[in-house]
$ cat query.cif   # mmCIF, C-alpha atoms
data_entry
#
loop_
_atom_site.group_PDB
_atom_site.id
_atom_site.type_symbol
_atom_site.label_atom_id
_atom_site.label_comp_id
_atom_site.auth_asym_id
_atom_site.auth_seq_id
_atom_site.Cartn_x
_atom_site.Cartn_y
_atom_site.Cartn_z
ATOM 1 C CA MET A 6 -192.112 119.582 -82.461
ATOM 2 C CA THR A 7 -191.985 120.522 -86.115
ATOM 3 C CA ASN A 8 -188.730 118.878 -86.999
ATOM 4 C CA ILE A 9 -187.299 116.188 -84.758
ATOM 5 C CA GLU A 10 -184.049 116.244 -86.711
ATOM 6 C CA ASN A 11 -182.754 119.466 -85.197
ATOM 7 C CA MET A 12 -183.925 118.765 -81.663
ATOM 8 C CA ILE A 13 -180.894 119.431 -79.450
ATOM 9 C CA ILE A 14 -179.962 116.349 -77.411
ATOM 10 C CA CYS A 15 -176.680 117.510 -75.934
ATOM 11 C CA ARG A 16 -177.093 121.119 -74.769
ATOM 12 C CA CYS A 17 -173.468 121.706 -73.883
ATOM 13 C CA GLU A 18 -172.066 120.703 -77.259
ATOM 14 C CA GLU A 19 -175.209 121.511 -79.286
ATOM 15 C CA VAL A 20 -175.481 118.091 -80.882
ATOM 16 C CA THR A 21 -178.835 117.506 -82.555
ATOM 17 C CA TYR A 22 -180.886 114.319 -82.763
ATOM 18 C CA GLY A 23 -180.340 114.213 -86.547
ATOM 19 C CA GLN A 24 -176.556 114.315 -86.237
ATOM 20 C CA LEU A 25 -176.571 111.583 -83.604
ATOM 21 C CA LEU A 26 -178.928 109.376 -85.594
ATOM 22 C CA SER A 27 -177.039 109.692 -88.867
ATOM 23 C CA THR A 28 -173.675 109.025 -87.173
ATOM 24 C CA ALA A 29 -175.088 106.039 -85.294
ATOM 25 C CA ASN A 30 -176.668 104.560 -88.427
ATOM 26 C CA GLU A 31 -173.708 105.267 -90.674
ATOM 27 C CA HIS A 32 -171.084 103.739 -88.380
ATOM 28 C CA LYS A 33 -173.286 101.288 -86.408
ATOM 29 C CA CYS A 34 -171.425 102.558 -83.353
ATOM 30 C CA SER A 35 -171.830 101.934 -79.626
ATOM 31 C CA ALA A 36 -172.703 104.682 -77.145
ATOM 32 C CA ARG A 37 -169.026 105.387 -76.493
ATOM 33 C CA GLU A 38 -168.159 105.603 -80.158
ATOM 34 C CA LEU A 39 -171.124 107.899 -80.750
ATOM 35 C CA LYS A 40 -169.851 110.118 -77.946
ATOM 36 C CA LEU A 41 -166.370 110.185 -79.470
ATOM 37 C CA ARG A 42 -167.661 110.936 -82.958
ATOM 38 C CA THR A 43 -170.165 113.656 -82.077
ATOM 39 C CA ARG A 44 -168.884 114.988 -78.718
ATOM 40 C CA ALA A 45 -172.363 114.495 -77.285
ATOM 41 C CA GLY A 46 -171.835 113.885 -73.570
ATOM 42 C CA MET A 47 -168.452 115.560 -73.411
ATOM 43 C CA GLY A 48 -169.759 118.966 -72.484
ATOM 44 C CA PHE A 49 -169.481 121.038 -69.342
ATOM 45 C CA CYS A 50 -172.266 119.203 -67.533
ATOM 46 C CA GLY A 51 -170.490 115.871 -67.950
ATOM 47 C CA GLY A 52 -173.327 114.153 -69.743
ATOM 48 C CA ARG A 53 -175.960 114.808 -67.065
ATOM 49 C CA THR A 54 -178.532 115.950 -69.599
ATOM 50 C CA CYS A 55 -177.861 113.712 -72.550
ATOM 51 C CA ARG A 56 -176.275 110.517 -71.176
ATOM 52 C CA VAL A 57 -179.524 108.612 -70.899
ATOM 53 C CA SER A 58 -180.824 109.609 -74.301
ATOM 54 C CA ILE A 59 -177.575 108.611 -76.026
ATOM 55 C CA ASP A 60 -177.629 105.194 -74.348
ATOM 56 C CA LYS A 61 -181.296 104.769 -75.295
ATOM 57 C CA MET A 62 -180.666 105.794 -78.890
ATOM 58 C CA ILE A 63 -178.181 102.987 -79.373
ATOM 59 C CA GLU A 64 -180.767 100.358 -78.442
ATOM 60 C CA HIS A 65 -183.009 101.843 -81.124
ATOM 61 C CA VAL A 66 -180.267 101.803 -83.786
ATOM 62 C CA LYS A 67 -178.698 98.453 -82.963
ATOM 63 C CA PRO A 68 -181.634 96.172 -82.055
ATOM 64 C CA ASN A 69 -179.425 93.212 -81.049
ATOM 65 C CA ILE A 70 -177.785 95.273 -78.288
ATOM 66 C CA THR A 71 -175.984 92.959 -75.868
ATOM 67 C CA PRO A 72 -176.548 93.908 -72.196
ATOM 68 C CA GLY A 73 -172.793 93.600 -71.785
ATOM 69 C CA ASP A 74 -172.255 96.626 -73.999
ATOM 70 C CA ILE A 75 -170.494 99.222 -71.857
ATOM 71 C CA PRO A 76 -172.660 102.328 -71.194
ATOM 72 C CA LEU A 77 -171.239 105.832 -71.203
ATOM 73 C CA LYS A 78 -168.440 106.267 -68.655
ATOM 74 C CA TYR A 79 -168.521 108.837 -65.817
ATOM 75 C CA GLN A 80 -165.425 110.874 -66.599
ATOM 76 C CA PRO A 81 -163.702 112.459 -63.585
ATOM 77 C CA PRO A 82 -163.849 115.171 -62.341
ATOM 78 C CA VAL A 83 -167.518 114.455 -61.741
ATOM 79 C CA ARG A 84 -168.101 118.148 -61.145
ATOM 80 C CA PRO A 85 -166.090 120.914 -62.853
ATOM 81 C CA VAL A 86 -163.362 122.142 -60.510
ATOM 82 C CA THR A 87 -160.813 124.908 -60.957
ATOM 83 C CA PHE A 88 -157.105 124.162 -60.855
ATOM 84 C CA GLY A 89 -157.012 126.341 -57.744
ATOM 85 C CA THR A 90 -159.256 124.059 -55.729
ATOM 86 C CA VAL A 91 -157.259 121.027 -56.907
ATOM 87 C CA GLY A 92 -153.676 122.119 -56.655
ATOM 88 C CA GLU A 93 -153.330 125.567 -55.117
ATOM 89 C CA ILE A 94 -150.462 125.852 -52.604
ATOM 90 C CA LYS A 95 -151.656 128.323 -49.956
ATOM 91 C CA MET B 7 -189.111 143.870 -60.656
ATOM 92 C CA SER B 8 -191.593 141.249 -61.733
ATOM 93 C CA ARG B 9 -192.214 138.701 -59.007
ATOM 94 C CA ILE B 10 -195.164 136.586 -57.919
ATOM 95 C CA LEU B 11 -195.977 138.567 -54.787
ATOM 96 C CA ASP B 12 -198.938 136.477 -53.686
ATOM 97 C CA HIS B 13 -198.489 132.820 -54.609
ATOM 98 C CA PRO B 14 -201.544 130.568 -54.197
ATOM 99 C CA VAL B 15 -199.425 127.876 -52.509
ATOM 100 C CA PHE B 16 -196.475 129.717 -50.961
ATOM 101 C CA GLY B 17 -198.502 132.762 -49.900
ATOM 102 C CA LYS B 18 -197.334 136.367 -49.792
ATOM 103 C CA ILE B 19 -193.706 137.435 -50.133
ATOM 104 C CA HIS B 20 -192.921 139.308 -46.923
ATOM 105 C CA GLU B 21 -191.037 142.579 -47.415
ATOM 106 C CA ARG B 22 -187.272 141.856 -47.421
ATOM 107 C CA GLU B 23 -184.150 143.984 -47.357
ATOM 108 C CA LEU B 24 -182.918 145.027 -50.810
ATOM 109 C CA VAL B 25 -179.381 144.266 -51.927
ATOM 110 C CA SER B 26 -177.782 145.803 -55.024
ATOM 111 C CA PHE B 27 -175.361 143.946 -57.300
ATOM 112 C CA GLN B 28 -173.826 144.506 -60.700
ATOM 113 C CA PHE B 29 -174.393 142.374 -63.772
ATOM 114 C CA ASP B 30 -172.462 143.358 -66.927
ATOM 115 C CA GLU B 31 -171.892 146.943 -65.756
ATOM 116 C CA LYS B 32 -175.542 147.475 -64.855
ATOM 117 C CA THR B 33 -176.743 147.650 -61.286
ATOM 118 C CA TYR B 34 -179.771 145.645 -60.231
ATOM 119 C CA GLN B 35 -181.750 145.356 -57.030
ATOM 120 C CA ALA B 36 -182.394 141.982 -55.420
ATOM 121 C CA TYR B 37 -183.965 140.692 -52.226
ATOM 122 C CA LYS B 38 -181.574 139.492 -49.549
ATOM 123 C CA ASP B 39 -180.806 135.719 -49.564
ATOM 124 C CA GLU B 40 -181.865 135.375 -53.197
ATOM 125 C CA THR B 41 -179.843 133.552 -55.839
ATOM 126 C CA ILE B 42 -178.284 135.505 -58.702
ATOM 127 C CA ALA B 43 -180.394 133.624 -61.251
ATOM 128 C CA ALA B 44 -183.642 134.458 -59.418
ATOM 129 C CA ALA B 45 -182.633 138.082 -58.932
ATOM 130 C CA LEU B 46 -181.762 138.523 -62.604
ATOM 131 C CA LEU B 47 -184.967 136.779 -63.652
ATOM 132 C CA ALA B 48 -186.958 139.136 -61.446
ATOM 133 C CA ASN B 49 -185.198 142.035 -63.130
ATOM 134 C CA GLY B 50 -186.120 140.668 -66.536
ATOM 135 C CA VAL B 51 -182.641 139.435 -67.432
ATOM 136 C CA ARG B 52 -182.889 135.872 -68.741
ATOM 137 C CA LYS B 53 -179.693 135.607 -70.802
ATOM 138 C CA LEU B 54 -176.900 134.725 -68.375
ATOM 139 C CA ARG B 55 -174.302 133.690 -70.916
ATOM 140 C CA VAL B 56 -173.753 132.625 -74.518
ATOM 141 C CA HIS B 57 -172.573 129.255 -75.771
ATOM 142 C CA GLU B 58 -168.760 129.462 -75.870
ATOM 143 C CA GLU B 59 -168.579 128.007 -79.364
ATOM 144 C CA SER B 60 -171.661 129.113 -81.264
ATOM 145 C CA GLY B 61 -172.753 132.135 -79.261
ATOM 146 C CA THR B 62 -176.367 131.070 -78.829
ATOM 147 C CA PRO B 63 -177.938 132.720 -75.713
ATOM 148 C CA ARG B 64 -178.211 130.535 -72.619
ATOM 149 C CA GLY B 65 -179.844 130.953 -69.236
ATOM 150 C CA ILE B 66 -181.463 129.081 -66.383
ATOM 151 C CA TYR B 67 -182.268 125.460 -67.229
ATOM 152 C CA CYS B 68 -182.397 123.120 -64.231
ATOM 153 C CA ASN B 69 -182.143 125.811 -61.519
ATOM 154 C CA ILE B 70 -180.986 123.207 -58.989
ATOM 155 C CA GLY B 71 -177.304 123.262 -59.794
ATOM 156 C CA HIS B 72 -176.444 120.252 -61.907
ATOM 157 C CA CYS B 73 -176.873 121.311 -65.533
ATOM 158 C CA MET B 74 -174.277 124.118 -65.331
ATOM 159 C CA GLU B 75 -176.158 126.182 -67.923
ATOM 160 C CA CYS B 76 -176.322 129.241 -65.627
ATOM 161 C CA ARG B 77 -172.553 129.552 -65.065
ATOM 162 C CA VAL B 78 -171.386 133.164 -64.689
ATOM 163 C CA THR B 79 -168.256 134.919 -63.423
ATOM 164 C CA VAL B 80 -168.780 136.216 -59.869
ATOM 165 C CA ASN B 81 -166.192 138.629 -58.459
ATOM 166 C CA GLY B 82 -163.621 137.307 -60.884
ATOM 167 C CA GLN B 83 -164.288 133.659 -60.098
ATOM 168 C CA ALA B 84 -165.436 132.044 -63.349
ATOM 169 C CA ASN B 85 -167.914 129.187 -63.786
ATOM 170 C CA THR B 86 -169.884 129.762 -60.626
ATOM 171 C CA ARG B 87 -173.478 128.582 -60.820
ATOM 172 C CA ALA B 88 -175.846 131.529 -60.697
ATOM 173 C CA CYS B 89 -178.729 129.337 -59.577
ATOM 174 C CA LEU B 90 -176.879 128.336 -56.385
ATOM 175 C CA THR B 91 -174.914 131.470 -55.487
ATOM 176 C CA VAL B 92 -176.706 133.880 -53.137
ATOM 177 C CA VAL B 93 -176.534 137.590 -53.991
ATOM 178 C CA GLU B 94 -174.361 139.707 -51.725
ATOM 179 C CA GLN B 95 -174.104 143.488 -51.558
ATOM 180 C CA GLY B 96 -171.876 144.932 -54.281
ATOM 181 C CA MET B 97 -171.332 141.630 -56.091
ATOM 182 C CA ILE B 98 -169.856 141.959 -59.601
ATOM 183 C CA VAL B 99 -171.300 139.367 -61.987
ATOM 184 C CA GLU B 100 -170.242 139.014 -65.617
ATOM 185 C CA SER B 101 -172.005 136.928 -68.219
ATOM 186 C CA GLY B 102 -170.214 134.223 -70.174
ATOM 187 C CA LYS B 103 -168.764 135.368 -73.508
ATOM 188 C CA GLN B 104 -168.230 133.531 -76.771
ATOM 189 C CA LEU B 105 -164.636 132.222 -76.927
ATOM 190 C CA PRO B 106 -162.486 131.992 -80.083
ATOM 191 C CA ASN B 107 -161.669 128.415 -81.150
ATOM 192 C CA ILE B 108 -158.435 128.995 -83.046
ATOM 193 C CA ILE B 109 -157.391 125.369 -83.457
ATOM 194 C CA LYS B 110 -160.753 124.284 -84.843
ATOM 195 C CA ARG B 111 -160.677 127.135 -87.335
ATOM 196 C CA MET B 112 -157.160 126.113 -88.414
ATOM 197 C CA VAL B 113 -158.284 122.521 -88.902
ATOM 198 C CA GLU B 114 -161.311 123.641 -90.887
ATOM 199 C CA GLN B 115 -159.228 125.815 -93.184
ATOM 200 C CA ARG B 116 -156.814 123.040 -94.029
#

$ encode --input "query.cif" --output "structure tokens"
Amino acid sequence: MTNIENMIICRCEEVTYGQLLSTANEHKCSARELKLRTRAGMGFCGGRTCRVSIDKMIEHVKPNITPGDIPLKYQPPVRPVTFGTVGEIK
Amino acid sequence: MSRILDHPVFGKIHERELVSFQFDEKTYQAYKDETIAAALLANGVRKLRVHEESGTPRGIYCNIGHCMECRVTVNGQANTRACLTVVEQGMIVESGKQLPNIIKRMVEQR
């Protein structure tokens, strides 16, 4: 990997490792705040690809991470559904 | 059609009925009971869609249905996973297009 900075962590929102790292270091933020600031984990796949790496990154940035820190939430709907399947009146 | 016809582990592909389907106004041939993603890959088509925001080409990633990277529009139904949907005769598949993000552009211009 030539340059780890532009390695894509979140495929759906195209958030790179460099962006995540700089935001995390600059704001000393938790996983949730990092998600809110960079949209990593808010994409179509619902964080399936990048949830773990975002949680792991926080431990690296904030060494005194308390276990009680809330990890990334599973936002419903867990799987993308169309409005038709949810509310269509046949 | 480029397929592994004689796999060292799975053995030979037995001759199967051909089914034709349409992807972006071009007709392709596929084996029966094959997924759209596999059929397109066999026909040399790897780009199933583009990223809605930046337009970068996207295709098969997990191929087991949970990364949603292979979502295409099948017979008018958008966001169906190509890696899970089996090809049927005369299926019309359209690739994902780049979508305009008007609000973001407005915010950027301010």

$ atom_distance --input "query.cif" --atom1 "atom CA of B:Cys89" --atom2 "atom CA of B:Glu23"
19.8 Å

$ resolve_selection --input "query.cif" --expression "the PyMOL selection byres ((chain A) within 12 of (chain B))" --output "VMD selection string"
chain A and resid 15 to 20 48 to 55 83 to 90

$ closest_residue --input "query.cif" --among "A:Asn8, A:Ser35, A:Gln80, A:Thr43" --to "A:Glu64" --atoms "only C-alpha atoms"
A:Ser35

$ axis_aligned_box --input "query.cif" --around "stretch 47-66 of chain B" --padding-each-side "4 Å" --output "JSON"
{"center_x": -177.8, "center_y": 135.0, "center_z": -71.4, "size_x": 26.4, "size_y": 22.0, "size_z": 27.8}

$ atom_distance --input "query.cif" --atom1 "atom CA of B:Ala43" --atom2 "atom CA of B:Gly17"
21.4 Å

$ atom_distance --input "query.cif" --atom1 "atom CA of A:Ala29" --atom2 "atom CA of A:Val66"
6.9 Å

$ resolve_selection --input "query.cif" --expression "the PyMOL selection byres ((chain B and resi 27) around 8)" --output "number ranges by chain"
B: 25-26, 28-29, 33-36, 93-99

$ resolve_selection --input "query.cif" --expression "the PyMOL selection byres ((chain A and resi 63) around 12)" --output "PyMOL selection string"
chain A and resi 25-30+32-40+56-62+64-72+74-77

$ residues_around --input "query.cif" --residues "B:Thr91" --least-positions-apart "3" --cutoff "7 Å" --atoms "all atoms listed in the file" --output "list of chain:residue names"
B:Thr41, B:Ile42, B:Arg87, B:Ala88

$ closest_residue --input "query.cif" --among "A:Tyr79, A:Ala45, A:Gly92, A:Glu31" --to "A:Ile13" --atoms "all atoms listed in the file"
A:Ala45

$ closest_residue --input "query.cif" --among "A:Gly23, A:Ile94, A:Arg44, A:Pro82" --to "A:Ile9" --atoms "all atoms listed in the file"
A:Gly23

$ build_atoms --input "query.cif" --residues "stretch 89-100 of chain B" --atoms "all heavy atoms" --output "tab-separated table (two decimals), keeping the file's coordinate frame"
chain	number	residue	atom	x	y	z
B	89	CYS	N	-177.50	129.81	-60.23
B	89	CYS	CA	-178.73	129.34	-59.58
B	89	CYS	C	-178.44	128.87	-58.16
B	89	CYS	O	-179.37	128.58	-57.42
B	89	CYS	CB	-179.34	128.19	-60.38
B	89	CYS	SG	-178.35	126.70	-60.35
B	90	LEU	N	-177.18	128.78	-57.75
B	90	LEU	CA	-176.88	128.34	-56.38
B	90	LEU	C	-176.23	129.43	-55.56
B	90	LEU	O	-176.21	129.36	-54.34
B	90	LEU	CB	-175.92	127.14	-56.41
B	90	LEU	CG	-176.48	125.82	-56.95
B	90	LEU	CD1	-175.44	124.73	-56.80
B	90	LEU	CD2	-177.76	125.43	-56.25
B	91	THR	N	-175.67	130.46	-56.22
B	91	THR	CA	-174.91	131.47	-55.49
B	91	THR	C	-175.85	132.56	-55.01
B	91	THR	O	-176.63	133.10	-55.79
B	91	THR	CB	-173.87	132.10	-56.43
B	91	THR	OG1	-173.38	131.10	-57.31
B	91	THR	CG2	-172.74	132.72	-55.66
B	92	VAL	N	-175.80	132.87	-53.71
B	92	VAL	CA	-176.71	133.88	-53.14
B	92	VAL	C	-176.11	135.27	-53.39
B	92	VAL	O	-174.90	135.44	-53.37
B	92	VAL	CB	-176.87	133.63	-51.62
B	92	VAL	CG1	-177.74	134.70	-50.99
B	92	VAL	CG2	-177.47	132.26	-51.40
B	93	VAL	N	-176.99	136.23	-53.65
B	93	VAL	CA	-176.53	137.59	-53.99
B	93	VAL	C	-176.02	138.27	-52.72
B	93	VAL	O	-176.65	138.15	-51.66
B	93	VAL	CB	-177.72	138.40	-54.57
B	93	VAL	CG1	-177.26	139.80	-54.91
B	93	VAL	CG2	-178.27	137.72	-55.80
B	94	GLU	N	-174.87	138.91	-52.85
B	94	GLU	CA	-174.36	139.71	-51.72
B	94	GLU	C	-174.22	141.15	-52.19
B	94	GLU	O	-174.16	141.42	-53.37
B	94	GLU	CB	-172.99	139.20	-51.26
B	94	GLU	CG	-173.06	138.01	-50.31
B	94	GLU	CD	-171.99	136.99	-50.68
B	94	GLU	OE1	-170.99	137.40	-51.31
B	94	GLU	OE2	-172.19	135.80	-50.41
B	95	GLN	N	-174.17	142.07	-51.24
B	95	GLN	CA	-174.10	143.49	-51.56
B	95	GLN	C	-172.85	143.78	-52.39
B	95	GLN	O	-171.77	143.27	-52.07
B	95	GLN	CB	-174.03	144.30	-50.25
B	95	GLN	CG	-173.93	145.79	-50.46
B	95	GLN	CD	-175.09	146.36	-51.25
B	95	GLN	OE1	-176.23	145.89	-51.10
B	95	GLN	NE2	-174.81	147.31	-52.10
B	96	GLY	N	-173.04	144.49	-53.51
B	96	GLY	CA	-171.88	144.93	-54.28
B	96	GLY	C	-171.18	143.80	-55.02
B	96	GLY	O	-170.00	143.87	-55.32
B	97	MET	N	-171.93	142.76	-55.35
B	97	MET	CA	-171.33	141.63	-56.09
B	97	MET	C	-171.17	142.04	-57.55
B	97	MET	O	-172.05	142.67	-58.12
B	97	MET	CB	-172.31	140.45	-56.01
B	97	MET	CG	-171.70	139.11	-55.88
B	97	MET	SD	-173.05	137.91	-55.83
B	97	MET	CE	-172.25	136.68	-54.85
B	98	ILE	N	-170.04	141.65	-58.17
B	98	ILE	CA	-169.86	141.96	-59.60
B	98	ILE	C	-169.99	140.66	-60.37
B	98	ILE	O	-169.22	139.71	-60.17
B	98	ILE	CB	-168.48	142.60	-59.84
B	98	ILE	CG1	-168.40	143.92	-59.06
B	98	ILE	CG2	-168.26	142.86	-61.31
B	98	ILE	CD1	-167.01	144.40	-58.84
B	99	VAL	N	-171.03	140.60	-61.23
B	99	VAL	CA	-171.30	139.37	-61.99
B	99	VAL	C	-171.12	139.68	-63.46
B	99	VAL	O	-171.57	140.72	-63.93
B	99	VAL	CB	-172.75	138.88	-61.73
B	99	VAL	CG1	-173.00	137.56	-62.43
B	99	VAL	CG2	-173.01	138.77	-60.25
B	100	GLU	N	-170.39	138.81	-64.18
B	100	GLU	CA	-170.24	139.01	-65.62
B	100	GLU	C	-170.78	137.79	-66.35
B	100	GLU	O	-170.61	136.67	-65.89
B	100	GLU	CB	-168.76	139.20	-66.00
B	100	GLU	CG	-168.18	140.54	-65.62
B	100	GLU	CD	-166.95	140.36	-64.77
B	100	GLU	OE1	-166.23	139.37	-65.02
B	100	GLU	OE2	-166.73	141.15	-63.85
